[in-house]
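Worksheet for the structure shown next.
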Amino acid sequence: MNRIEHRRVRFLFGALGCVPVFLAGWFAWLQVLQAGSLPRAGHGPVALSATAADVQRDRSEPLPGPRGTILDRHGAPLAVDCDSFEVRADVTPPRSARTGCAAFKRYCADLALRLADALVHDDGLADRGAARAEHLQRLGVRLTAAFALDRMPADGPLPATVPGHAEILVASDVAVLSAIEALAATDAGQSSLLLHMRHDHLRSYPERELTYGLVGYLEDAPVRDDDGRLVGYRSQAPAGLEAVAALQPGAPGLREYRVDSRSHRFFAGKNQAPSPPTRLETTIDLELQKIAARELEGQARSVAENGGSPPQWGALVLIEIATGDVLAAASWQRDVQHARGAAFTPYQQLYEPGSIVKPLVFALALQRCGLDWNDVYDCSSAGSDHHADVGGRTVRDDHPCGRLTPHEIIVNSSNIGAVKVGGLLSRDEWKHYLEFYGFGRTLDLPLPNERIGRPASKGWLPGITAAQFKRWTGSSYSIGYELQVNALQMARAYLTLLSGQRRELRLVRAVEVDGVRQPAPVAEATRELDPGVVEAVQSAMIDVVSDAEGATGRHVVEAFRKQGIELHGVVAGKTGTAKSRSTVPGKGAVEVRNASFVGFAPANAPRYLAVGVLQRDDSARFYGGSYAAPPAARLLLEALSLEQRQRLRQEPQVSATPGGSGRGREAPETSQAGR
């Protein structure tokens, strides 16, 4: 080897020896001198002691804030967020699945099947087969979209455009531990599948079937193409109390975790909790809500069992008079598969109230129009069909009535007498009547999609004479026609009557945000009805629910007496019956009958107010005293019984004053008529 070759060899070995020195210097520069400026995923600069491995392992994820909790008046949960996980899958089909279209589709079908089986690994499922089929359908839609399976031929070579990797949503609300463990076992040891679980919340409704209309729900609606195939889901607007803005989740938190060499996560480090959920305290009494739903459904079904056609719909509500709190509001509809798809009848179904408006009219006539409670009105009929001409218009009574005082007109529910008393009101007084009792005005409750109803617009059209108004619209208002209301509006009208001042219903008692409780405000009003006026009308309503001859509530008194229950003096009220034309799905415009009842208890010192309505779409006789009064009376009796049990257990009682907290106070024993 000559001298030139020796130099070449020494140069080559010298150059090779510089490589490790250079690499060592480069790594030292990266890991020590430049460590402070290297970004960490999800964070700011890394500490000087961090290594490149830490940069690859450290991660963080946001912790979503829970949605606000909805509670009943005693703290029982009506809607609450439960911890759950959103599960996503990184899918990398193996080489064996990419041999052809048929093999690829078999792989996707098998993957969907394994994931669906894991998702239904829950002993609490009522119908595991149906749940599995639903998951299979959803996963099939998502895998089809991810790999374009619908554009792939049945067999043959796999198109080059098919991606080698995709991420799909497996499920967004996995909350059962056994299902989570089954999912974790699905990707164990498989390089083609990697599952990621992101912390989330699942909305839970412990009493879902009872509270759909009031509490509402959050749900995604399925979206289908023209051929009826499922293509995705769209978020629906929240219904009921779920629409209250204060229930929106607060600021999210943060959780740190690390990823091991197999891309599995383990949690370490500090956690920052999300904002605590808002607490929405409602006025609903869950126990009374259950009773109202049971009584309404039982009465609706008994109509059919006794040979009549079943009602089209029904509503039953219970109000605490001292506070205006809605304690219960039950809904029933015929031919509805699921409560979620039905209108919530207490504030979404309108009806003509009929004779239950008579005490409202008489109170205003007594207060403002010079009605003498001792006057006697000739309410006798002319002819066998019991009709008489009043003010130029034919008005009929369902049963013979003679000479009656205003008290007796209410007890006997004489239409002839009611129109004569209503004739004392001028057009301006009728307008005040509508405004005072709140007809045609929103309930202003946090419930979307309320149907407000209307008074007859023709009564206020320019050009109509006072005589024409009195003959037609005034006469109709006197007996509850040409007026559309819902059950909660009628409850508000009677709350106003029994209080003597304009009152509003309340569904939210308080909102607690960040630990600070904010009670719902209570509007102040000026008394407009004297205590004597309220007591006079109240006395007549006590005699309606009696066995007196001609009393329209005598049938319900007799029915309860056979069961050993005396209603007279305990429950007071007013029955109502009306017939009108209404549009019924599948039938068009048909004649309907409305049976209604408004009652309160105790009769001489009212603390609870109930309104019951049933509507039937046929021409058969359908009276409020026989059909609507029984469930409302039972609900009132149950409210009194529950109050007594709570008092014996020294549990919180109802508030004695409007706007009171209702905690630790007993219900008043004296009359609330003057409130």
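Following the order of the structure tokens, first chain is A, next is B, and so on, with residues numbered from 1 inside each chain and ligands from 1 in the order they appear.
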- Mind checking which residues fall within 10 Å of Tyr627 in chain A, counting only C-alpha atoms, ignoring those fewer than 3 positions away in the same chain, and posting them as a ChimeraX atom specification? /A:299-300,302-303,555-556,575,594-597,612-614,622-624,630-632
field: Distance query Arg255 in chain A at most 7 Å, only C-alpha atoms, self and fewer than 5 positions along chain excluded, as a PyMOL selection string
entry: chain A and resi 60-63+270-272
Worksheet item: Which residues, written as a PyMOL selection string, have at least one atom at most 8 Å from range 199-211 of chain A, with only C-alpha atoms counted and residues fewer than 5 positions away on the same chain left out?
Response: chain A and resi 63-64+66+77-86+172-175+216+218+289-290+293+330+339
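By only C-alpha atoms, and with residues fewer than 5 positions from Tyr107 in chain A along its chain excluded, the set lying at most 12 Å from it is Val91, Thr92, Pro93, Pro94, Arg95, Ser96, Ala97, Arg98, Thr99, Gly100, Cys101, Ala102, Ala112, Leu113, Arg114, Gly140, Leu143, Phe147, Leu149, Ser192 and Leu193 of chain A.
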Show me, as a PyMOL selection string, the residues that have an atom within 12 Å of range 517-520 of chain A when counting only C-alpha atoms, minus same-chain residues fewer than 2 positions from it.
chain A and resi 246+278-283+323-325+445+505-515+522-523+658-662
Counting only C-alpha atoms, the residue among A:Glu535, A:Glu482, A:Asp428, A:Glu305 that lies closest to Leu497 in chain A is A:Glu535
*Please provide the set of residues having any atom within 10 Å of Leu177 in chain A, restricted to only C-alpha atoms, with same-chain residues fewer than 3 positions apart removed, written as a list in words.*
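Final neighbour list, sorted by chain and number: Ser84, His121, Asp122, Val174, Ile180, Glu181, Ala182 and Leu183 of chain A.
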**Asked** CA of Ile321 in chain A and CA of Ala525 in chain A, how far apart in Å?
**Response**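 So the answer is 15.1 Å.
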Discussion item. Using DSSP assignments from the backbone, pull out every residue in range 134-304 of chain A that falls under helix (DSSP H, G or I) and give it to me as number ranges by chain.
Written reply: A: 134-147, 149-151, 177-186, 208-215, 240-243, 245-247, 286-304
